[in-house]
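J.: Data file my_file.csv (CSV, N, CA and C atoms) is appended below.
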```csv
chain,number,residue,atom,x,y,z
A,1,GLN,N,65.9,50.9,124.4
A,1,GLN,CA,66.4,51.9,123.5
A,1,GLN,C,66.1,51.6,122.1
A,2,VAL,N,65.9,52.6,121.3
A,2,VAL,CA,65.6,52.5,119.9
A,2,VAL,C,66.6,53.2,119.1
A,3,GLN,N,67.1,52.6,118.0
A,3,GLN,CA,68.1,53.3,117.1
A,3,GLN,C,67.5,53.4,115.7
A,4,LEU,N,67.8,54.5,115.1
A,4,LEU,CA,67.4,54.7,113.7
A,4,LEU,C,68.6,54.8,112.8
A,5,ALA,N,68.7,54.0,111.8
A,5,ALA,CA,69.8,54.0,110.9
A,5,ALA,C,69.4,54.5,109.5
A,6,GLU,N,70.0,55.5,109.0
A,6,GLU,CA,69.6,56.1,107.7
A,6,GLU,C,70.6,55.8,106.7
A,7,SER,N,70.2,55.7,105.4
A,7,SER,CA,71.1,55.5,104.3
A,7,SER,C,70.5,56.1,103.1
A,8,GLY,N,71.4,56.3,102.1
A,8,GLY,CA,70.9,56.7,100.8
A,8,GLY,C,71.1,58.2,100.4
A,9,GLY,N,71.7,59.0,101.2
A,9,GLY,CA,72.0,60.4,100.9
A,9,GLY,C,73.1,60.5,99.9
A,10,GLY,N,73.3,61.7,99.4
A,10,GLY,CA,74.4,61.9,98.4
A,10,GLY,C,74.2,63.1,97.6
A,11,LEU,N,75.0,63.2,96.5
A,11,LEU,CA,75.0,64.3,95.6
A,11,LEU,C,74.2,63.9,94.3
A,12,VAL,N,73.3,64.7,93.9
A,12,VAL,CA,72.6,64.4,92.7
A,12,VAL,C,72.3,65.7,91.9
A,13,GLN,N,72.2,65.6,90.6
A,13,GLN,CA,71.9,66.8,89.8
A,13,GLN,C,70.5,67.2,89.9
A,14,PRO,N,70.2,68.5,89.6
A,14,PRO,CA,68.8,68.9,89.6
A,14,PRO,C,68.0,68.1,88.6
A,15,GLY,N,66.8,67.7,89.0
A,15,GLY,CA,66.0,66.8,88.2
A,15,GLY,C,66.2,65.3,88.4
A,16,GLY,N,67.2,65.0,89.2
A,16,GLY,CA,67.5,63.6,89.5
A,16,GLY,C,66.7,63.0,90.6
A,17,SER,N,67.0,61.8,91.0
A,17,SER,CA,66.3,61.1,92.0
A,17,SER,C,67.2,60.5,93.0
A,18,LEU,N,66.7,60.3,94.2
A,18,LEU,CA,67.4,59.6,95.3
A,18,LEU,C,66.4,58.9,96.1
A,19,ARG,N,66.8,57.8,96.8
A,19,ARG,CA,66.0,57.1,97.7
A,19,ARG,C,66.7,57.0,99.0
A,20,LEU,N,66.0,57.4,100.1
A,20,LEU,CA,66.5,57.3,101.4
A,20,LEU,C,65.8,56.2,102.1
A,21,SER,N,66.5,55.5,103.0
A,21,SER,CA,66.0,54.4,103.8
A,21,SER,C,66.3,54.6,105.2
A,22,CYS,N,65.4,54.2,106.1
A,22,CYS,CA,65.6,54.3,107.5
A,22,CYS,C,65.1,53.0,108.2
A,23,ALA,N,65.9,52.4,109.0
A,23,ALA,CA,65.6,51.2,109.7
A,23,ALA,C,65.6,51.4,111.2
A,24,ALA,N,64.6,51.0,111.9
A,24,ALA,CA,64.5,51.1,113.3
A,24,ALA,C,64.9,49.8,113.9
A,25,SER,N,65.7,49.8,115.0
A,25,SER,CA,66.1,48.6,115.7
A,25,SER,C,66.1,48.8,117.2
A,26,GLY,N,66.3,47.7,117.9
A,26,GLY,CA,66.3,47.9,119.4
A,26,GLY,C,65.0,47.2,120.0
A,27,THR,N,64.7,47.7,121.1
A,27,THR,CA,63.5,47.2,121.8
A,27,THR,C,62.3,47.9,121.4
A,28,ILE,N,61.6,47.3,120.5
A,28,ILE,CA,60.4,48.0,119.8
A,28,ILE,C,59.1,47.3,120.1
A,29,PHE,N,58.2,48.0,120.8
A,29,PHE,CA,56.9,47.4,121.1
A,29,PHE,C,55.9,47.9,120.1
A,30,SER,N,56.0,49.1,119.7
A,30,SER,CA,55.1,49.7,118.7
A,30,SER,C,55.7,50.9,118.1
A,31,ILE,N,55.4,51.1,116.8
A,31,ILE,CA,55.8,52.3,116.1
A,31,ILE,C,54.5,52.9,115.5
A,32,ASN,N,54.2,54.1,116.1
A,32,ASN,CA,52.9,54.7,115.6
A,32,ASN,C,53.1,55.4,114.3
A,33,ALA,N,54.3,56.1,114.1
A,33,ALA,CA,54.5,56.8,112.9
A,33,ALA,C,56.0,56.9,112.7
A,34,MET,N,56.4,56.9,111.4
A,34,MET,CA,57.7,57.2,111.0
A,34,MET,C,57.7,58.2,109.9
A,35,GLY,N,58.9,59.0,109.8
A,35,GLY,CA,58.9,60.0,108.8
A,35,GLY,C,60.3,60.6,108.6
A,36,TRP,N,60.3,61.6,107.8
A,36,TRP,CA,61.5,62.3,107.4
A,36,TRP,C,61.3,63.8,107.6
A,37,TYR,N,62.3,64.4,108.2
A,37,TYR,CA,62.4,65.8,108.3
A,37,TYR,C,63.7,66.3,107.7
A,38,ARG,N,63.8,67.6,107.4
A,38,ARG,CA,65.1,68.1,106.9
A,38,ARG,C,65.4,69.4,107.4
A,39,GLN,N,66.7,69.7,107.4
A,39,GLN,CA,67.1,71.0,107.9
A,39,GLN,C,68.2,71.5,106.9
A,40,ALA,N,67.9,72.7,106.3
A,40,ALA,CA,68.9,73.3,105.4
A,40,ALA,C,69.7,74.3,106.2
A,41,PRO,N,70.9,74.7,105.8
A,41,PRO,CA,71.7,75.6,106.5
A,41,PRO,C,71.0,76.9,106.8
A,42,GLY,N,71.0,77.3,108.1
A,42,GLY,CA,70.4,78.6,108.4
A,42,GLY,C,68.9,78.5,108.6
A,43,LYS,N,68.3,77.3,108.5
A,43,LYS,CA,66.9,77.2,108.6
A,43,LYS,C,66.5,76.2,109.6
A,44,GLY,N,65.2,76.2,110.0
A,44,GLY,CA,64.7,75.3,111.0
A,44,GLY,C,64.4,73.9,110.4
A,45,ARG,N,64.2,73.0,111.3
A,45,ARG,CA,63.8,71.6,110.8
A,45,ARG,C,62.4,71.6,110.3
A,46,GLU,N,62.1,71.0,109.2
A,46,GLU,CA,60.8,71.0,108.6
A,46,GLU,C,60.4,69.6,108.2
A,47,LEU,N,59.1,69.4,108.3
A,47,LEU,CA,58.5,68.1,107.9
A,47,LEU,C,58.7,67.9,106.4
A,48,VAL,N,59.2,66.7,106.0
A,48,VAL,CA,59.2,66.3,104.6
A,48,VAL,C,58.0,65.4,104.3
A,49,ALA,N,58.0,64.3,105.0
A,49,ALA,CA,56.9,63.3,104.9
A,49,ALA,C,56.8,62.4,106.1
A,50,ARG,N,55.6,62.0,106.4
A,50,ARG,CA,55.4,61.2,107.6
A,50,ARG,C,54.3,60.1,107.2
A,51,ILE,N,54.4,59.0,107.8
A,51,ILE,CA,53.4,57.9,107.6
A,51,ILE,C,53.1,57.2,108.9
A,52,THR,N,51.8,57.0,109.1
A,52,THR,CA,51.4,56.3,110.3
A,52,THR,C,51.4,54.8,110.1
A,53,SER,N,51.1,54.1,111.2
A,53,SER,CA,51.1,52.6,111.2
A,53,SER,C,50.0,52.1,110.3
A,54,VAL,N,49.0,52.9,110.1
A,54,VAL,CA,47.9,52.4,109.2
A,54,VAL,C,48.0,53.0,107.8
A,55,GLY,N,49.1,53.7,107.5
A,55,GLY,CA,49.3,54.2,106.1
A,55,GLY,C,48.9,55.6,105.8
A,56,THR,N,48.5,56.3,106.8
A,56,THR,CA,48.1,57.7,106.5
A,56,THR,C,49.4,58.5,106.3
A,57,THR,N,49.4,59.3,105.3
A,57,THR,CA,50.6,60.1,105.0
A,57,THR,C,50.4,61.6,105.0
A,58,ASN,N,51.4,62.3,105.4
A,58,ASN,CA,51.5,63.8,105.3
A,58,ASN,C,52.7,64.2,104.6
A,59,TYR,N,52.6,65.2,103.8
A,59,TYR,CA,53.8,65.7,103.1
A,59,TYR,C,53.9,67.2,103.3
A,60,GLY,N,55.2,67.7,103.3
A,60,GLY,CA,55.4,69.1,103.3
A,60,GLY,C,55.0,69.7,101.9
A,61,ASP,N,54.5,70.9,101.9
A,61,ASP,CA,53.9,71.5,100.7
A,61,ASP,C,55.0,71.5,99.6
A,62,SER,N,56.2,71.7,99.9
A,62,SER,CA,57.2,71.9,98.9
A,62,SER,C,57.6,70.6,98.2
A,63,VAL,N,57.2,69.4,98.8
A,63,VAL,CA,57.6,68.2,98.2
A,63,VAL,C,56.4,67.4,97.6
A,64,LYS,N,55.2,67.9,97.8
A,64,LYS,CA,54.0,67.1,97.3
A,64,LYS,C,54.1,66.9,95.8
A,65,GLY,N,53.9,65.7,95.4
A,65,GLY,CA,53.9,65.4,94.0
A,65,GLY,C,55.3,64.9,93.5
A,66,ARG,N,56.3,65.1,94.3
A,66,ARG,CA,57.7,64.8,93.9
A,66,ARG,C,58.2,63.7,94.8
A,67,PHE,N,57.9,63.6,96.1
A,67,PHE,CA,58.4,62.7,97.0
A,67,PHE,C,57.3,61.7,97.4
A,68,THR,N,57.7,60.5,97.7
A,68,THR,CA,56.8,59.4,98.1
A,68,THR,C,57.4,58.7,99.3
A,69,ILE,N,56.6,58.6,100.4
A,69,ILE,CA,57.1,57.8,101.5
A,69,ILE,C,56.4,56.5,101.6
A,70,SER,N,57.2,55.5,101.9
A,70,SER,CA,56.7,54.1,102.0
A,70,SER,C,57.1,53.5,103.3
A,71,ARG,N,56.3,52.6,103.9
A,71,ARG,CA,56.7,52.0,105.2
A,71,ARG,C,56.5,50.5,105.1
A,72,TYR,N,57.4,49.8,105.7
A,72,TYR,CA,57.4,48.4,105.7
A,72,TYR,C,57.3,47.9,107.2
A,73,ASN,N,56.1,47.7,107.7
A,73,ASN,CA,55.9,47.5,109.1
A,73,ASN,C,56.7,46.3,109.6
A,74,ALA,N,56.7,45.2,108.8
A,74,ALA,CA,57.3,44.0,109.3
A,74,ALA,C,58.8,44.1,109.5
A,75,LYS,N,59.4,45.1,108.8
A,75,LYS,CA,60.8,45.3,108.9
A,75,LYS,C,61.2,46.6,109.7
A,76,ASN,N,60.2,47.3,110.2
A,76,ASN,CA,60.4,48.6,110.9
A,76,ASN,C,61.2,49.5,110.0
A,77,THR,N,60.9,49.6,108.8
A,77,THR,CA,61.7,50.5,107.9
A,77,THR,C,60.7,51.5,107.2
A,78,VAL,N,61.3,52.6,106.8
A,78,VAL,CA,60.6,53.6,106.0
A,78,VAL,C,61.5,54.1,104.9
A,79,ASP,N,61.0,54.3,103.7
A,79,ASP,CA,61.8,54.8,102.6
A,79,ASP,C,61.2,56.1,102.1
A,80,LEU,N,62.0,56.9,101.5
A,80,LEU,CA,61.6,58.1,100.9
A,80,LEU,C,62.1,58.2,99.5
A,81,GLN,N,61.3,58.1,98.5
A,81,GLN,CA,61.7,58.2,97.2
A,81,GLN,C,61.5,59.7,96.8
A,82,MET,N,62.6,60.3,96.3
A,82,MET,CA,62.7,61.7,96.0
A,82,MET,C,63.0,61.8,94.5
A,83,ASN,N,62.0,62.4,93.8
A,83,ASN,CA,62.1,62.6,92.3
A,83,ASN,C,62.1,64.1,92.0
A,84,SER,N,62.5,64.4,90.8
A,84,SER,CA,62.5,65.8,90.4
A,84,SER,C,63.2,66.7,91.4
A,85,LEU,N,64.3,66.3,91.9
A,85,LEU,CA,65.0,67.1,92.9
A,85,LEU,C,65.4,68.5,92.5
A,86,LYS,N,65.4,69.4,93.4
A,86,LYS,CA,65.7,70.8,93.1
A,86,LYS,C,66.8,71.2,94.1
A,87,PRO,N,67.6,72.2,93.7
A,87,PRO,CA,68.6,72.7,94.6
A,87,PRO,C,68.1,73.1,96.0
A,88,GLU,N,66.9,73.6,96.1
A,88,GLU,CA,66.3,73.9,97.4
A,88,GLU,C,66.0,72.7,98.2
A,89,ASP,N,66.1,71.5,97.7
A,89,ASP,CA,65.9,70.3,98.5
A,89,ASP,C,67.2,69.9,99.3
A,90,THR,N,68.3,70.7,99.0
A,90,THR,CA,69.5,70.4,99.7
A,90,THR,C,69.4,70.6,101.2
A,91,ALA,N,69.7,69.6,101.9
A,91,ALA,CA,69.6,69.7,103.4
A,91,ALA,C,70.1,68.4,104.0
A,92,VAL,N,70.2,68.4,105.3
A,92,VAL,CA,70.4,67.2,106.1
A,92,VAL,C,69.0,66.6,106.4
A,93,TYR,N,68.8,65.3,106.0
A,93,TYR,CA,67.5,64.7,106.2
A,93,TYR,C,67.6,63.7,107.4
A,94,TYR,N,66.6,63.9,108.3
A,94,TYR,CA,66.6,63.1,109.5
A,94,TYR,C,65.4,62.2,109.5
A,95,CYS,N,65.7,60.9,109.9
A,95,CYS,CA,64.6,60.0,110.1
A,95,CYS,C,64.0,60.2,111.5
A,96,ASN,N,62.7,60.0,111.6
A,96,ASN,CA,62.0,60.2,112.9
A,96,ASN,C,61.1,59.0,113.1
A,97,ALA,N,61.0,58.6,114.3
A,97,ALA,CA,60.0,57.5,114.7
A,97,ALA,C,59.3,57.9,116.0
A,98,PHE,N,58.0,57.8,116.1
A,98,PHE,CA,57.3,57.9,117.3
A,98,PHE,C,57.1,56.4,117.7
A,99,CYS,N,57.8,56.0,118.7
A,99,CYS,CA,57.9,54.6,119.0
A,99,CYS,C,57.9,54.4,120.5
A,100,ASN,N,57.2,53.4,121.0
A,100,ASN,CA,57.1,53.1,122.4
A,100,ASN,C,56.7,54.3,123.2
A,101,GLY,N,56.0,55.2,122.7
A,101,GLY,CA,55.5,56.4,123.4
A,101,GLY,C,56.6,57.5,123.4
A,102,GLY,N,57.7,57.3,122.7
A,102,GLY,CA,58.7,58.3,122.7
A,102,GLY,C,59.1,58.7,121.3
A,103,ASP,N,59.9,59.8,121.2
A,103,ASP,CA,60.3,60.4,119.9
A,103,ASP,C,61.8,60.1,119.7
A,104,TYR,N,62.1,59.5,118.5
A,104,TYR,CA,63.5,59.1,118.3
A,104,TYR,C,63.9,59.7,116.9
A,105,TRP,N,65.2,60.0,116.9
A,105,TRP,CA,65.8,60.6,115.7
A,105,TRP,C,67.0,59.9,115.2
A,106,GLY,N,67.2,59.9,113.9
A,106,GLY,CA,68.5,59.4,113.4
A,106,GLY,C,69.5,60.5,113.4
A,107,GLN,N,70.7,60.1,113.0
A,107,GLN,CA,71.8,61.1,113.0
A,107,GLN,C,71.8,62.0,111.8
A,108,GLY,N,71.0,61.7,110.8
A,108,GLY,CA,70.9,62.5,109.6
A,108,GLY,C,71.8,62.1,108.4
A,109,THR,N,71.3,62.4,107.2
A,109,THR,CA,72.1,62.0,106.0
A,109,THR,C,72.0,63.2,105.1
A,110,GLN,N,73.1,63.6,104.5
A,110,GLN,CA,73.2,64.8,103.7
A,110,GLN,C,72.7,64.5,102.3
A,111,VAL,N,71.8,65.4,101.8
A,111,VAL,CA,71.3,65.3,100.4
A,111,VAL,C,71.7,66.7,99.8
A,112,THR,N,72.5,66.6,98.7
A,112,THR,CA,72.9,67.8,98.0
A,112,THR,C,72.5,67.7,96.6
A,113,VAL,N,71.7,68.7,96.1
A,113,VAL,CA,71.3,68.8,94.7
A,113,VAL,C,72.0,70.0,94.1
A,114,SER,N,72.9,69.6,93.1
A,114,SER,CA,73.7,70.6,92.5
A,114,SER,C,74.2,70.1,91.2
A,115,SER,N,74.4,71.0,90.3
A,115,SER,CA,75.0,70.7,89.0
A,115,SER,C,76.5,70.9,89.0
```
Represent the supplied structure as structure tokens.
T.:
Amino acid sequence: QVQLAESGGGLVQPGGSLRLSCAASGTIFSINAMGWYRQAPGKGRELVARITSVGTTNYGDSVKGRFTISRYNAKNTVDLQMNSLKPEDTAVYYCNAFCNGGDYWGQGTQVTVSS
């Protein structure tokens, strides 16, 4: 079994920054990709950013140029640096890992951007 533990959410003013972290633990043989998705109230879950084991990244169109994903393979962790935050970035952010041939999700962390 694999567990994902997220941290770093909270309340921030527009234009501010937050850094999310996610650590994978448990019986891990391989992690092909890790990433972050988000879900705002009344909307579906959408890709924020994803990074593969070789460092290939994908970003959602709405966060390109503002968010940066980083992965630390030795520690099975992935971070999401979020800059220039906007109210529309408000959502629950979920960590995801494609690991051991399966898809795993964290419990989610709330990010609220408001003045």
J.: How would you write, as a PyMOL selection string, the set of residues in chain A that DSSP gives as strand (DSSP E)?
T.: chain A and resi 2-7+10-12+18-26+31-39+46-52+57-59+67-72+77-82+91-99+102-105+109-113
J.: Which residues, written as a PyMOL selection string, have at least one atom at most 6 Å from segment 60-67 of chain A, with only N, CA and C atoms counted and residues fewer than 6 positions away on the same chain left out?
T.: chain A and resi 47-49+81-84
J.: Could you list, as JSON, numbers by chain, every residue within 6.5 Å of Leu4 of chain A, counting all atoms listed in the file and ignoring same-chain residues fewer than 2 positions away?
T.: {"A": [2, 6, 22, 23, 24, 25, 105, 106, 107]}
J.: Once DSSP has gone over the backbone, tell me which residues of chain A are in helix (DSSP H, G or I), as a list in words.
T.: Asp61, Ser62, Val63, Asn73, Ala74, Lys75, Pro87, Glu88 and Asp89 of chain A
J.: Just checking: using only C-alpha atoms, which residue out of A:Thr27, A:Gln1, A:Gln13, A:Ser53 ends up closest to Ala74 of chain A?
T.: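 The shortest atom-to-atom distance to Ala74 of chain A comes from A:Ser53.
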J.: Looking at all atoms listed in the file, which of A:Tyr93, A:Cys99, A:Phe29, A:Leu85 is the one that sits closest to Pro14 of chain A?
T.: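 Result for the nearest residue to Pro14 of chain A: A:Leu85.
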J.: Counting all atoms listed in the file, which of A:Val92, A:Ala40, A:Asp79, A:Ile69 gets nearest to Arg19 of chain A?
T.: A:Asp79
J.: Tell me which protein, DNA and RNA residues are within 7 Å of Gly35 of chain A, counting all atoms listed in the file, leaving out same-chain ones fewer than 3 positions away, and put them as a PDB file with N, CA and C atoms, in the coordinates of the input.
T.:
```
ATOM      1  N   VAL A  48      59.200  66.700 106.000  1.00  0.00           N
ATOM      2  CA  VAL A  48      59.200  66.300 104.600  1.00  0.00           C
ATOM      3  C   VAL A  48      58.000  65.400 104.300  1.00  0.00           C
ATOM      4  N   ALA A  49      58.000  64.300 105.000  1.00  0.00           N
ATOM      5  CA  ALA A  49      56.900  63.300 104.900  1.00  0.00           C
ATOM      6  C   ALA A  49      56.800  62.400 106.100  1.00  0.00           C
ATOM      7  N   ARG A  50      55.600  62.000 106.400  1.00  0.00           N
ATOM      8  CA  ARG A  50      55.400  61.200 107.600  1.00  0.00           C
ATOM      9  C   ARG A  50      54.300  60.100 107.200  1.00  0.00           C
ATOM     10  N   ILE A  51      54.400  59.000 107.800  1.00  0.00           N
ATOM     11  CA  ILE A  51      53.400  57.900 107.600  1.00  0.00           C
ATOM     12  C   ILE A  51      53.100  57.200 108.900  1.00  0.00           C
ATOM     13  N   VAL A  78      61.300  52.600 106.800  1.00  0.00           N
ATOM     14  CA  VAL A  78      60.600  53.600 106.000  1.00  0.00           C
ATOM     15  C   VAL A  78      61.500  54.100 104.900  1.00  0.00           C
ATOM     16  N   TYR A  94      66.600  63.900 108.300  1.00  0.00           N
ATOM     17  CA  TYR A  94      66.600  63.100 109.500  1.00  0.00           C
ATOM     18  C   TYR A  94      65.400  62.200 109.500  1.00  0.00           C
ATOM     19  N   CYS A  95      65.700  60.900 109.900  1.00  0.00           N
ATOM     20  CA  CYS A  95      64.600  60.000 110.100  1.00  0.00           C
ATOM     21  C   CYS A  95      64.000  60.200 111.500  1.00  0.00           C
ATOM     22  N   ASN A  96      62.700  60.000 111.600  1.00  0.00           N
ATOM     23  CA  ASN A  96      62.000  60.200 112.900  1.00  0.00           C
ATOM     24  C   ASN A  96      61.100  59.000 113.100  1.00  0.00           C
ATOM     25  N   ALA A  97      61.000  58.600 114.300  1.00  0.00           N
ATOM     26  CA  ALA A  97      60.000  57.500 114.700  1.00  0.00           C
ATOM     27  C   ALA A  97      59.300  57.900 116.000  1.00  0.00           C
ATOM     28  N   PHE A  98      58.000  57.800 116.100  1.00  0.00           N
ATOM     29  CA  PHE A  98      57.300  57.900 117.300  1.00  0.00           C
ATOM     30  C   PHE A  98      57.100  56.400 117.700  1.00  0.00           C
TER      31      PHE A  98
END
```
J.: Any idea what the distance is between atom CA of Gly102 of chain A and atom CA of Leu20 of chain A?
T.: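 Taking atom CA of Gly102 of chain A as the start and atom CA of Leu20 of chain A as the end point, the length is 22.7 Å.
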J.: Between atom CA of Pro41 of chain A and atom CA of Leu18 of chain A, measure the distance and give it in Å to one decimal.
T.: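 Separation between atom CA of Pro41 of chain A and atom CA of Leu18 of chain A: 20.0 Å.
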J.: Please provide as a ChimeraX atom specification all residues within 6.5 Å of Asp89 of chain A, with the sequence filter that same-chain residues fewer than 2 positions apart are discarded (counting all atoms listed in the file).
T.: /A:85-87,91,111-113
J.: Can I get the selected residues back with N, CA and C atoms, as a PDB file, in the coordinates of the input?
T.:
```
ATOM      1  N   LEU A  85      64.300  66.300  91.900  1.00  0.00           N
ATOM      2  CA  LEU A  85      65.000  67.100  92.900  1.00  0.00           C
ATOM      3  C   LEU A  85      65.400  68.500  92.500  1.00  0.00           C
ATOM      4  N   LYS A  86      65.400  69.400  93.400  1.00  0.00           N
ATOM      5  CA  LYS A  86      65.700  70.800  93.100  1.00  0.00           C
ATOM      6  C   LYS A  86      66.800  71.200  94.100  1.00  0.00           C
ATOM      7  N   PRO A  87      67.600  72.200  93.700  1.00  0.00           N
ATOM      8  CA  PRO A  87      68.600  72.700  94.600  1.00  0.00           C
ATOM      9  C   PRO A  87      68.100  73.100  96.000  1.00  0.00           C
ATOM     10  N   ALA A  91      69.700  69.600 101.900  1.00  0.00           N
ATOM     11  CA  ALA A  91      69.600  69.700 103.400  1.00  0.00           C
ATOM     12  C   ALA A  91      70.100  68.400 104.000  1.00  0.00           C
ATOM     13  N   VAL A 111      71.800  65.400 101.800  1.00  0.00           N
ATOM     14  CA  VAL A 111      71.300  65.300 100.400  1.00  0.00           C
ATOM     15  C   VAL A 111      71.700  66.700  99.800  1.00  0.00           C
ATOM     16  N   THR A 112      72.500  66.600  98.700  1.00  0.00           N
ATOM     17  CA  THR A 112      72.900  67.800  98.000  1.00  0.00           C
ATOM     18  C   THR A 112      72.500  67.700  96.600  1.00  0.00           C
ATOM     19  N   VAL A 113      71.700  68.700  96.100  1.00  0.00           N
ATOM     20  CA  VAL A 113      71.300  68.800  94.700  1.00  0.00           C
ATOM     21  C   VAL A 113      72.000  70.000  94.100  1.00  0.00           C
TER      22      VAL A 113
END
```
J.: Quick one: distance from atom CA of Leu11 of chain A to atom CA of Gln39 of chain A in Å, one decimal?
T.: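 Result for atom CA of Leu11 of chain A versus atom CA of Gln39 of chain A: 16.1 Å, one decimal.
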J.: Provide segment 80-87 of chain A rebuilt to all heavy atoms, formatted as a compact mmCIF listing (two decimals), keeping the file's coordinate frame.
T.:
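Result file is rebuild09.txt:
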```txt
# COMPACT_ATOMS: atom_id res chain seq x y z
N LEU A 80 62.00 56.90 101.50
CA LEU A 80 61.60 58.10 100.90
C LEU A 80 62.10 58.20 99.50
O LEU A 80 63.35 58.32 99.33
CB LEU A 80 62.07 59.35 101.74
CG LEU A 80 61.61 60.72 101.21
CD1 LEU A 80 60.10 60.88 101.44
CD2 LEU A 80 62.36 61.84 101.92
N GLN A 81 61.30 58.10 98.50
CA GLN A 81 61.70 58.20 97.20
C GLN A 81 61.50 59.70 96.80
O GLN A 81 60.44 60.25 96.84
CB GLN A 81 60.76 57.35 96.26
CG GLN A 81 61.06 57.46 94.77
CD GLN A 81 62.44 56.93 94.42
OE1 GLN A 81 62.86 55.89 94.92
NE2 GLN A 81 63.14 57.63 93.54
N MET A 82 62.60 60.30 96.30
CA MET A 82 62.70 61.70 96.00
C MET A 82 63.00 61.80 94.50
O MET A 82 64.01 61.41 94.01
CB MET A 82 63.75 62.39 96.80
CG MET A 82 63.58 62.20 98.29
SD MET A 82 64.76 63.17 99.28
CE MET A 82 66.29 62.36 98.83
N ASN A 83 62.00 62.40 93.80
CA ASN A 83 62.10 62.60 92.30
C ASN A 83 62.10 64.10 92.00
O ASN A 83 61.69 64.90 92.85
CB ASN A 83 60.99 61.89 91.60
CG ASN A 83 61.00 60.40 91.78
OD1 ASN A 83 62.05 59.78 91.92
ND2 ASN A 83 59.81 59.79 91.79
N SER A 84 62.50 64.40 90.80
CA SER A 84 62.50 65.80 90.40
C SER A 84 63.20 66.70 91.40
O SER A 84 62.65 67.78 91.76
CB SER A 84 61.10 66.27 90.08
OG SER A 84 60.50 65.45 89.11
N LEU A 85 64.30 66.30 91.90
CA LEU A 85 65.00 67.10 92.90
C LEU A 85 65.40 68.50 92.50
O LEU A 85 65.83 68.64 91.31
CB LEU A 85 66.19 66.28 93.47
CG LEU A 85 65.81 65.13 94.41
CD1 LEU A 85 66.92 64.10 94.51
CD2 LEU A 85 65.45 65.68 95.79
N LYS A 86 65.40 69.40 93.40
CA LYS A 86 65.70 70.80 93.10
C LYS A 86 66.80 71.20 94.10
O LYS A 86 67.00 70.64 95.15
CB LYS A 86 64.49 71.68 93.38
CG LYS A 86 63.25 71.30 92.60
CD LYS A 86 62.07 72.17 93.02
CE LYS A 86 60.80 71.79 92.27
NZ LYS A 86 59.64 72.63 92.67
N PRO A 87 67.60 72.20 93.70
CA PRO A 87 68.60 72.70 94.60
C PRO A 87 68.10 73.10 96.00
O PRO A 87 68.83 72.87 96.98
CB PRO A 87 69.18 73.94 93.86
CG PRO A 87 68.94 73.64 92.42
CD PRO A 87 67.63 72.91 92.39
```
